[in-house]
file input-v9.cif (mmCIF, C-alpha atoms)
data_input
loop_
_atom_site.label_atom_id
_atom_site.label_comp_id
_atom_site.auth_asym_id
_atom_site.auth_seq_id
_atom_site.Cartn_x
_atom_site.Cartn_y
_atom_site.Cartn_z
CA MET P 1 -2.82 104.95 145.28
CA SER P 2 -6.03 106.80 144.59
CA GLU P 3 -7.33 108.96 141.76
CA ARG P 4 -7.93 111.98 143.96
CA THR P 5 -6.65 115.47 143.16
CA VAL P 6 -6.31 118.76 144.98
CA THR P 7 -6.95 122.12 143.36
CA LEU P 8 -5.13 125.43 143.51
CA GLY P 9 -7.18 128.51 142.70
CA GLY P 10 -9.99 126.23 141.56
CA ASN P 11 -7.83 124.48 138.97
CA PRO P 12 -6.64 120.87 139.18
CA PHE P 13 -3.16 120.97 140.68
CA SER P 14 -1.87 117.62 141.88
CA ALA P 15 -2.70 114.00 142.46
CA LEU P 16 -3.07 112.97 146.09
CA LEU P 17 -1.31 109.83 147.23
CA GLY P 18 -2.48 107.46 149.93
CA THR P 19 -6.01 106.62 151.00
CA PRO P 20 -7.93 108.99 153.26
CA VAL P 21 -8.98 107.55 156.59
CA GLU P 22 -12.68 107.15 157.31
CA VAL P 23 -14.79 107.66 160.41
CA GLY P 24 -15.03 104.43 162.38
CA GLN P 25 -11.74 102.91 161.28
CA GLN P 26 -8.71 102.39 163.50
CA ALA P 27 -6.31 105.30 163.00
CA PRO P 28 -3.09 104.28 161.23
CA VAL P 29 0.09 104.27 163.26
CA ALA P 30 2.60 106.56 161.52
CA SER P 31 5.64 108.56 162.58
CA GLY P 32 7.51 111.70 161.65
CA ARG P 33 10.46 113.53 163.14
CA VAL P 34 10.61 116.17 165.82
CA ASN P 35 14.34 116.91 165.67
CA ALA P 36 16.32 117.69 162.51
CA PHE P 37 19.54 116.27 163.93
CA SER P 38 18.18 112.96 165.17
CA THR P 39 16.38 109.95 163.76
CA ASP P 40 14.04 109.93 166.78
CA THR P 41 10.44 109.83 165.66
CA PHE P 42 7.06 110.77 167.08
CA ASP P 43 4.16 108.39 166.41
CA VAL P 44 0.98 110.42 166.05
CA ILE P 45 -1.11 107.64 167.61
CA ASN P 46 1.10 105.64 169.99
CA ASP P 47 2.90 108.68 171.43
CA THR P 48 -0.45 110.29 172.29
CA GLU P 49 -2.04 107.11 173.65
CA GLY P 50 -5.11 107.61 175.82
CA LYS P 51 -5.80 111.12 174.54
CA ILE P 52 -8.20 112.52 172.00
CA ARG P 53 -5.97 113.44 169.06
CA VAL P 54 -6.45 116.31 166.66
CA LEU P 55 -4.20 115.55 163.71
CA SER P 56 -3.89 118.85 161.87
CA PHE P 57 -2.26 118.51 158.44
CA ALA P 58 -0.81 121.76 157.05
CA PRO P 59 1.12 122.26 153.79
CA SER P 60 3.59 124.77 155.29
CA LEU P 61 3.54 126.83 158.48
CA ASN P 62 4.94 129.81 156.57
CA THR P 63 1.63 130.48 154.84
CA GLY P 64 -1.24 132.48 156.27
CA ILE P 65 -3.85 129.71 156.24
CA CYS P 66 -1.49 127.14 157.81
CA ASP P 67 -0.48 129.68 160.43
CA THR P 68 -4.14 130.35 161.25
CA GLN P 69 -4.99 126.65 161.29
CA THR P 70 -2.21 125.81 163.73
CA ARG P 71 -2.95 128.76 166.00
CA GLU P 72 -6.72 128.05 166.00
CA PHE P 73 -6.47 124.43 167.07
CA ASN P 74 -3.83 125.16 169.69
CA ALA P 75 -5.75 128.14 171.09
CA LYS P 76 -9.03 126.25 171.31
CA LEU P 77 -7.83 122.82 172.42
CA ALA P 78 -4.22 122.61 173.57
CA GLY P 79 -4.84 123.45 177.23
CA ASN P 80 -6.92 120.31 177.85
CA GLU P 81 -4.87 117.43 179.31
CA ASN P 82 -7.20 114.91 177.58
CA VAL P 83 -6.49 116.34 174.11
CA ALA P 84 -3.32 116.23 172.00
CA VAL P 85 -3.19 118.69 169.11
CA VAL P 86 -0.58 117.36 166.67
CA THR P 87 0.39 119.52 163.70
CA ILE P 88 1.91 117.63 160.79
CA SER P 89 3.70 119.45 157.97
CA VAL P 90 6.70 118.90 155.73
CA ASP P 91 8.51 121.83 157.28
CA LEU P 92 11.82 120.72 158.77
CA PRO P 93 11.80 120.36 162.56
CA PHE P 94 13.95 123.44 163.14
CA VAL P 95 11.59 125.52 160.97
CA GLN P 96 8.67 124.19 163.02
CA ALA P 97 10.50 125.08 166.24
CA ASN P 98 11.25 128.61 164.97
CA TRP P 99 7.61 129.08 163.98
CA CYS P 100 6.46 127.88 167.43
CA GLY P 101 8.82 130.33 169.13
CA ALA P 102 7.60 133.24 167.02
CA ALA P 103 3.96 132.23 167.59
CA GLY P 104 4.38 131.76 171.33
CA LEU P 105 3.46 128.08 171.03
CA GLU P 106 6.62 126.47 172.40
CA ASP P 107 4.63 123.54 173.86
CA ALA P 108 2.80 122.73 170.62
CA ILE P 109 3.32 119.23 169.24
CA MET P 110 4.84 119.58 165.79
CA VAL P 111 5.81 116.60 163.63
CA SER P 112 7.79 116.84 160.41
CA ASP P 113 6.80 114.47 157.61
CA TYR P 114 9.61 115.83 155.42
CA TYR P 115 11.92 112.84 155.61
CA ASP P 116 9.73 110.01 154.30
CA MET P 117 6.11 111.22 154.06
CA ALA P 118 5.02 108.25 156.19
CA ILE P 119 2.14 110.11 157.83
CA ALA P 120 0.96 111.59 154.52
CA ASN P 121 0.93 108.13 152.95
CA ALA P 122 -0.90 106.59 155.91
CA TYR P 123 -3.58 109.31 156.03
CA GLY P 124 -3.92 110.07 152.32
CA THR P 125 -2.62 113.66 152.45
CA TYR P 126 0.42 113.45 150.16
CA VAL P 127 0.28 116.20 147.49
CA GLU P 128 2.48 114.52 144.92
CA ALA P 129 3.42 117.46 142.63
CA VAL P 130 4.97 119.56 145.39
CA ARG P 131 5.61 116.99 148.14
CA LEU P 132 3.41 118.75 150.70
CA GLU P 133 0.56 117.74 152.97
CA GLN P 134 -3.04 118.27 151.87
CA ARG P 135 -4.82 120.51 154.34
CA ALA P 136 -6.85 118.18 156.54
CA VAL P 137 -7.92 117.45 160.09
CA VAL P 138 -8.52 114.02 161.60
CA VAL P 139 -9.97 113.62 165.09
CA VAL P 140 -9.11 110.32 166.76
CA ASP P 141 -10.64 109.22 170.06
CA ALA P 142 -8.71 107.93 173.09
CA GLU P 143 -9.09 104.34 171.85
CA GLY P 144 -7.52 105.16 168.48
CA VAL P 145 -10.71 105.21 166.39
CA VAL P 146 -11.21 107.94 163.77
CA ARG P 147 -14.25 110.04 164.77
CA TYR P 148 -14.08 113.02 162.38
CA THR P 149 -12.29 113.89 159.15
CA GLU P 150 -12.08 116.84 156.81
CA TYR P 151 -9.87 116.83 153.72
CA CYS P 152 -9.82 120.20 151.93
CA PRO P 153 -10.11 119.76 148.16
CA GLU P 154 -8.58 123.23 147.58
CA ILE P 155 -5.11 124.05 148.91
CA GLY P 156 -6.14 127.60 149.77
CA MET P 157 -9.26 126.84 151.81
CA HIS P 158 -9.64 126.84 155.58
CA ILE P 159 -10.63 123.86 157.68
CA ASP P 160 -14.07 124.08 159.32
CA TYR P 161 -12.51 124.79 162.73
CA ASP P 162 -15.82 124.87 164.59
CA ALA P 163 -16.89 121.45 163.27
CA ALA P 164 -13.56 119.88 164.22
CA VAL P 165 -13.62 121.44 167.70
CA SER P 166 -17.23 120.28 168.17
CA ALA P 167 -16.15 116.74 167.26
CA VAL P 168 -13.50 116.90 169.98
CA GLN P 169 -15.90 118.36 172.53
CA ALA P 170 -18.37 115.55 171.84
CA LEU P 171 -15.67 113.07 172.90
CA LEU P 172 -14.77 114.81 176.18
#
call {"tool": "encode", "arguments": {"input": "input-v9.cif", "output": "structure tokens"}}
result
Amino acid sequence: MSERTVTLGGNPFSALLGTPVEVGQQAPVASGRVNAFSTDTFDVINDTEGKIRVLSFAPSLNTGICDTQTREFNAKLAGNENVAVVTISVDLPFVQANWCGAAGLEDAIMVSDYYDMAIANAYGTYVEAVRLEQRAVVVVDAEGVVRYTEYCPEIGMHIDYDAAVSAVQALL
């Protein structure tokens, strides 16, 4: 456990659990669920093997910034067969599916960390006070090595989308 915190409106809000990943390290293997009525899991590294992964951590898809974040990465990167954009949130799988349908992103890869927060613990994005994900993006190359990270210290701030996309483009 670390001594990190995330802010809300500029004020300290919650401790963050887990240890953030660092550029150059092997990406942790971690799974979440993709179906609310099944124990089947999706491993964000092994189930995207051989692809450049964009692991996009969002607190909840039903907020404006999370909505924008998910749309941005999917619009800019999802059409490339060498790239897997994986959105991780604690929204239940059926909520994620409903959001995808409303957003016209039925093919988006959405993984729910609701059940055990395994991905949040592995990547250091667990916002303890409200059991949500910290807003973050981690770019992992096709060999499973972390090549770019951004962890937002403020819940209400946007990811630097251009920097993350540039990190992916540098790997193509």
call {"tool": "resolve_selection", "arguments": {"input": "input-v9.cif", "expression": "the PyMOL selection byres ((chain P and resi 50) around 7)", "output": "JSON, numbers by chain"}}
result
{"P": [48, 49, 51, 52, 142, 143]}
call {"tool": "atom_distance", "arguments": {"input": "input-v9.cif", "atom1": "atom CA of P:Val127", "atom2": "atom CA of P:Thr39"}}
result
23.7 Å
call {"tool": "resolve_selection", "arguments": {"input": "input-v9.cif", "expression": "the PyMOL selection byres ((chain P and resi 93) around 9)", "output": "PyMOL selection string"}}
result
chain P and resi 33-37+90-92+94-98+110-112+114
call {"tool": "write_last_selection", "arguments": {"input": "input-v9.cif", "atoms": "C-alpha atoms", "output": "short mmCIF file (atom, residue, chain, number, x, y, z; two decimals), in the coordinates of the input"}}
result
data_model
loop_
_atom_site.label_atom_id
_atom_site.label_comp_id
_atom_site.auth_asym_id
_atom_site.auth_seq_id
_atom_site.Cartn_x
_atom_site.Cartn_y
_atom_site.Cartn_z
CA ARG P 33 10.46 113.53 163.14
CA VAL P 34 10.61 116.17 165.82
CA ASN P 35 14.34 116.91 165.67
CA ALA P 36 16.32 117.69 162.51
CA PHE P 37 19.54 116.27 163.93
CA VAL P 90 6.70 118.90 155.73
CA ASP P 91 8.51 121.83 157.28
CA LEU P 92 11.82 120.72 158.77
CA PHE P 94 13.95 123.44 163.14
CA VAL P 95 11.59 125.52 160.97
CA GLN P 96 8.67 124.19 163.02
CA ALA P 97 10.50 125.08 166.24
CA ASN P 98 11.25 128.61 164.97
CA MET P 110 4.84 119.58 165.79
CA VAL P 111 5.81 116.60 163.63
CA SER P 112 7.79 116.84 160.41
CA TYR P 114 9.61 115.83 155.42
#
call {"tool": "resolve_selection", "arguments": {"input": "input-v9.cif", "expression": "the PyMOL selection byres ((chain P and resi 162) around 12)", "output": "PDB file with C-alpha atoms, in the frame of the given file"}}
result
ATOM      1  CA  GLN P  69      -4.990 126.650 161.290  1.00  0.00           C
ATOM      2  CA  GLU P  72      -6.720 128.050 166.000  1.00  0.00           C
ATOM      3  CA  PHE P  73      -6.470 124.430 167.070  1.00  0.00           C
ATOM      4  CA  LYS P  76      -9.030 126.250 171.310  1.00  0.00           C
ATOM      5  CA  LEU P  77      -7.830 122.820 172.420  1.00  0.00           C
ATOM      6  CA  VAL P 137      -7.920 117.450 160.090  1.00  0.00           C
ATOM      7  CA  GLU P 150     -12.080 116.840 156.810  1.00  0.00           C
ATOM      8  CA  HIS P 158      -9.640 126.840 155.580  1.00  0.00           C
ATOM      9  CA  ILE P 159     -10.630 123.860 157.680  1.00  0.00           C
ATOM     10  CA  ASP P 160     -14.070 124.080 159.320  1.00  0.00           C
ATOM     11  CA  TYR P 161     -12.510 124.790 162.730  1.00  0.00           C
ATOM     12  CA  ALA P 163     -16.890 121.450 163.270  1.00  0.00           C
ATOM     13  CA  ALA P 164     -13.560 119.880 164.220  1.00  0.00           C
ATOM     14  CA  VAL P 165     -13.620 121.440 167.700  1.00  0.00           C
ATOM     15  CA  SER P 166     -17.230 120.280 168.170  1.00  0.00           C
ATOM     16  CA  ALA P 167     -16.150 116.740 167.260  1.00  0.00           C
ATOM     17  CA  VAL P 168     -13.500 116.900 169.980  1.00  0.00           C
ATOM     18  CA  GLN P 169     -15.900 118.360 172.530  1.00  0.00           C
TER      19      GLN P 169
END
call {"tool": "residues_around", "arguments": {"input": "input-v9.cif", "residues": "P:Ala27", "least_positions_apart": "6", "cutoff": "10 Å", "atoms": "only C-alpha atoms", "output": "PyMOL selection string"}}
result
chain P and resi 21+44-45+122-123+138-141+143-147
call {"tool": "atom_distance", "arguments": {"input": "input-v9.cif", "atom1": "atom CA of P:Gly64", "atom2": "atom CA of P:Gly156"}}
result
9.5 Å
call {"tool": "atom_distance", "arguments": {"input": "input-v9.cif", "atom1": "atom CA of P:Ala136", "atom2": "atom CA of P:Ala78"}}
result
17.8 Å
call {"tool": "closest_residue", "arguments": {"input": "input-v9.cif", "among": "P:Phe13, P:Pro153, P:Val130, P:Arg71", "to": "P:Glu106", "atoms": "all atoms listed in the file"}}
result
P:Arg71
call {"tool": "residues_around", "arguments": {"input": "input-v9.cif", "residues": "P:Val6", "least_positions_apart": "2", "cutoff": "12 Å", "atoms": "all atoms listed in the file", "output": "mmCIF file with C-alpha atoms, keeping the file's coordinate frame"}}
result
data_model
loop_
_atom_site.group_PDB
_atom_site.id
_atom_site.type_symbol
_atom_site.label_atom_id
_atom_site.label_comp_id
_atom_site.auth_asym_id
_atom_site.auth_seq_id
_atom_site.Cartn_x
_atom_site.Cartn_y
_atom_site.Cartn_z
ATOM 1 C CA SER P 2 -6.030 106.800 144.590
ATOM 2 C CA GLU P 3 -7.330 108.960 141.760
ATOM 3 C CA ARG P 4 -7.930 111.980 143.960
ATOM 4 C CA LEU P 8 -5.130 125.430 143.510
ATOM 5 C CA GLY P 9 -7.180 128.510 142.700
ATOM 6 C CA GLY P 10 -9.990 126.230 141.560
ATOM 7 C CA ASN P 11 -7.830 124.480 138.970
ATOM 8 C CA PRO P 12 -6.640 120.870 139.180
ATOM 9 C CA PHE P 13 -3.160 120.970 140.680
ATOM 10 C CA SER P 14 -1.870 117.620 141.880
ATOM 11 C CA ALA P 15 -2.700 114.000 142.460
ATOM 12 C CA LEU P 16 -3.070 112.970 146.090
ATOM 13 C CA LEU P 17 -1.310 109.830 147.230
ATOM 14 C CA GLY P 124 -3.920 110.070 152.320
ATOM 15 C CA THR P 125 -2.620 113.660 152.450
ATOM 16 C CA TYR P 126 0.420 113.450 150.160
ATOM 17 C CA VAL P 127 0.280 116.200 147.490
ATOM 18 C CA GLU P 128 2.480 114.520 144.920
ATOM 19 C CA ALA P 129 3.420 117.460 142.630
ATOM 20 C CA VAL P 130 4.970 119.560 145.390
ATOM 21 C CA LEU P 132 3.410 118.750 150.700
ATOM 22 C CA GLU P 133 0.560 117.740 152.970
ATOM 23 C CA GLN P 134 -3.040 118.270 151.870
ATOM 24 C CA ARG P 135 -4.820 120.510 154.340
ATOM 25 C CA ALA P 136 -6.850 118.180 156.540
ATOM 26 C CA TYR P 151 -9.870 116.830 153.720
ATOM 27 C CA CYS P 152 -9.820 120.200 151.930
ATOM 28 C CA PRO P 153 -10.110 119.760 148.160
ATOM 29 C CA GLU P 154 -8.580 123.230 147.580
ATOM 30 C CA ILE P 155 -5.110 124.050 148.910
ATOM 31 C CA GLY P 156 -6.140 127.600 149.770
ATOM 32 C CA MET P 157 -9.260 126.840 151.810
#
call {"tool": "closest_residue", "arguments": {"input": "input-v9.cif", "among": "P:Leu172, P:Leu61, P:Thr5, P:Arg53", "to": "P:Ala102", "atoms": "only C-alpha atoms"}}
result
P:Leu61
call {"tool": "axis_aligned_box", "arguments": {"input": "input-v9.cif", "around": "stretch 57-75 of chain P", "padding_each_side": "6 Å", "output": "AutoDock Vina command-line options"}}
result
--center_x -0.9 --center_y 125.5 --center_z 162.4 --size_x 23.7 --size_y 26.0 --size_z 29.3
call {"tool": "residues_around", "arguments": {"input": "input-v9.cif", "residues": "P:Asn74", "least_positions_apart": "6", "cutoff": "8 Å", "atoms": "all atoms listed in the file", "output": "PyMOL selection string"}}
result
chain P and resi 85+105+108
call {"tool": "build_atoms", "arguments": {"input": "input-v9.cif", "residues": "stretch 106-133 of chain P", "atoms": "N, CA and C atoms", "output": "PDB file, in the frame of the given file"}}
result
ATOM      1  N   GLU P 106       5.472 127.340 172.172  1.00  0.00           N
ATOM      2  CA  GLU P 106       6.620 126.470 172.400  1.00  0.00           C
ATOM      3  C   GLU P 106       6.240 125.056 172.825  1.00  0.00           C
ATOM      4  N   ASP P 107       5.057 124.867 173.412  1.00  0.00           N
ATOM      5  CA  ASP P 107       4.630 123.540 173.860  1.00  0.00           C
ATOM      6  C   ASP P 107       3.796 122.793 172.825  1.00  0.00           C
ATOM      7  N   ALA P 108       3.594 123.388 171.663  1.00  0.00           N
ATOM      8  CA  ALA P 108       2.800 122.730 170.620  1.00  0.00           C
ATOM      9  C   ALA P 108       3.527 121.473 170.132  1.00  0.00           C
ATOM     10  N   ILE P 109       2.755 120.458 169.796  1.00  0.00           N
ATOM     11  CA  ILE P 109       3.320 119.230 169.240  1.00  0.00           C
ATOM     12  C   ILE P 109       3.391 119.388 167.729  1.00  0.00           C
ATOM     13  N   MET P 110       4.599 119.407 167.214  1.00  0.00           N
ATOM     14  CA  MET P 110       4.840 119.580 165.790  1.00  0.00           C
ATOM     15  C   MET P 110       5.614 118.361 165.287  1.00  0.00           C
ATOM     16  N   VAL P 111       5.158 117.785 164.186  1.00  0.00           N
ATOM     17  CA  VAL P 111       5.810 116.600 163.630  1.00  0.00           C
ATOM     18  C   VAL P 111       6.111 116.872 162.164  1.00  0.00           C
ATOM     19  N   SER P 112       7.365 116.640 161.789  1.00  0.00           N
ATOM     20  CA  SER P 112       7.790 116.840 160.410  1.00  0.00           C
ATOM     21  C   SER P 112       7.660 115.532 159.625  1.00  0.00           C
ATOM     22  N   ASP P 113       6.968 115.615 158.500  1.00  0.00           N
ATOM     23  CA  ASP P 113       6.800 114.470 157.610  1.00  0.00           C
ATOM     24  C   ASP P 113       7.766 114.584 156.426  1.00  0.00           C
ATOM     25  N   TYR P 114       8.692 115.523 156.511  1.00  0.00           N
ATOM     26  CA  TYR P 114       9.610 115.830 155.420  1.00  0.00           C
ATOM     27  C   TYR P 114      10.433 114.626 154.980  1.00  0.00           C
ATOM     28  N   TYR P 115      10.911 113.852 155.906  1.00  0.00           N
ATOM     29  CA  TYR P 115      11.920 112.840 155.610  1.00  0.00           C
ATOM     30  C   TYR P 115      11.395 111.676 154.777  1.00  0.00           C
ATOM     31  N   ASP P 116      10.211 111.152 155.073  1.00  0.00           N
ATOM     32  CA  ASP P 116       9.730 110.010 154.300  1.00  0.00           C
ATOM     33  C   ASP P 116       8.244 110.022 153.977  1.00  0.00           C
ATOM     34  N   MET P 117       7.539 111.068 154.372  1.00  0.00           N
ATOM     35  CA  MET P 117       6.110 111.220 154.060  1.00  0.00           C
ATOM     36  C   MET P 117       5.277 110.045 154.564  1.00  0.00           C
ATOM     37  N   ALA P 118       5.713 109.418 155.653  1.00  0.00           N
ATOM     38  CA  ALA P 118       5.020 108.250 156.190  1.00  0.00           C
ATOM     39  C   ALA P 118       3.613 108.583 156.673  1.00  0.00           C
ATOM     40  N   ILE P 119       3.459 109.730 157.315  1.00  0.00           N
ATOM     41  CA  ILE P 119       2.140 110.110 157.830  1.00  0.00           C
ATOM     42  C   ILE P 119       1.222 110.476 156.660  1.00  0.00           C
ATOM     43  N   ALA P 120       1.743 111.216 155.708  1.00  0.00           N
ATOM     44  CA  ALA P 120       0.960 111.590 154.520  1.00  0.00           C
ATOM     45  C   ALA P 120       0.477 110.347 153.776  1.00  0.00           C
ATOM     46  N   ASN P 121       1.333 109.368 153.628  1.00  0.00           N
ATOM     47  CA  ASN P 121       0.930 108.130 152.950  1.00  0.00           C
ATOM     48  C   ASN P 121      -0.120 107.379 153.752  1.00  0.00           C
ATOM     49  N   ALA P 122       0.034 107.336 155.065  1.00  0.00           N
ATOM     50  CA  ALA P 122      -0.900 106.590 155.910  1.00  0.00           C
ATOM     51  C   ALA P 122      -2.273 107.248 155.991  1.00  0.00           C
ATOM     52  N   TYR P 123      -2.316 108.584 155.885  1.00  0.00           N
ATOM     53  CA  TYR P 123      -3.580 109.310 156.030  1.00  0.00           C
ATOM     54  C   TYR P 123      -4.111 109.873 154.718  1.00  0.00           C
ATOM     55  N   GLY P 124      -3.421 109.631 153.613  1.00  0.00           N
ATOM     56  CA  GLY P 124      -3.920 110.070 152.320  1.00  0.00           C
ATOM     57  C   GLY P 124      -3.822 111.554 152.067  1.00  0.00           C
ATOM     58  N   THR P 125      -2.771 112.203 152.591  1.00  0.00           N
ATOM     59  CA  THR P 125      -2.620 113.660 152.450  1.00  0.00           C
ATOM     60  C   THR P 125      -1.417 114.081 151.612  1.00  0.00           C
ATOM     61  N   TYR P 126      -0.815 113.167 150.900  1.00  0.00           N
ATOM     62  CA  TYR P 126       0.420 113.450 150.160  1.00  0.00           C
ATOM     63  C   TYR P 126       0.106 114.142 148.835  1.00  0.00           C
ATOM     64  N   VAL P 127       0.441 115.432 148.730  1.00  0.00           N
ATOM     65  CA  VAL P 127       0.280 116.200 147.490  1.00  0.00           C
ATOM     66  C   VAL P 127       1.523 115.931 146.643  1.00  0.00           C
ATOM     67  N   GLU P 128       1.344 115.067 145.676  1.00  0.00           N
ATOM     68  CA  GLU P 128       2.480 114.520 144.920  1.00  0.00           C
ATOM     69  C   GLU P 128       3.311 115.579 144.192  1.00  0.00           C
ATOM     70  N   ALA P 129       2.690 116.514 143.494  1.00  0.00           N
ATOM     71  CA  ALA P 129       3.420 117.460 142.630  1.00  0.00           C
ATOM     72  C   ALA P 129       4.413 118.326 143.388  1.00  0.00           C
ATOM     73  N   VAL P 130       4.110 118.651 144.648  1.00  0.00           N
ATOM     74  CA  VAL P 130       4.970 119.560 145.390  1.00  0.00           C
ATOM     75  C   VAL P 130       5.455 118.983 146.714  1.00  0.00           C
ATOM     76  N   ARG P 131       5.164 117.687 146.937  1.00  0.00           N
ATOM     77  CA  ARG P 131       5.610 116.990 148.140  1.00  0.00           C
ATOM     78  C   ARG P 131       5.242 117.751 149.416  1.00  0.00           C
ATOM     79  N   LEU P 132       3.960 118.073 149.520  1.00  0.00           N
ATOM     80  CA  LEU P 132       3.410 118.750 150.700  1.00  0.00           C
ATOM     81  C   LEU P 132       2.259 117.919 151.250  1.00  0.00           C
ATOM     82  N   GLU P 133       1.756 118.341 152.389  1.00  0.00           N
ATOM     83  CA  GLU P 133       0.560 117.740 152.970  1.00  0.00           C
ATOM     84  C   GLU P 133      -0.674 118.435 152.399  1.00  0.00           C
TER      85      GLU P 133
END
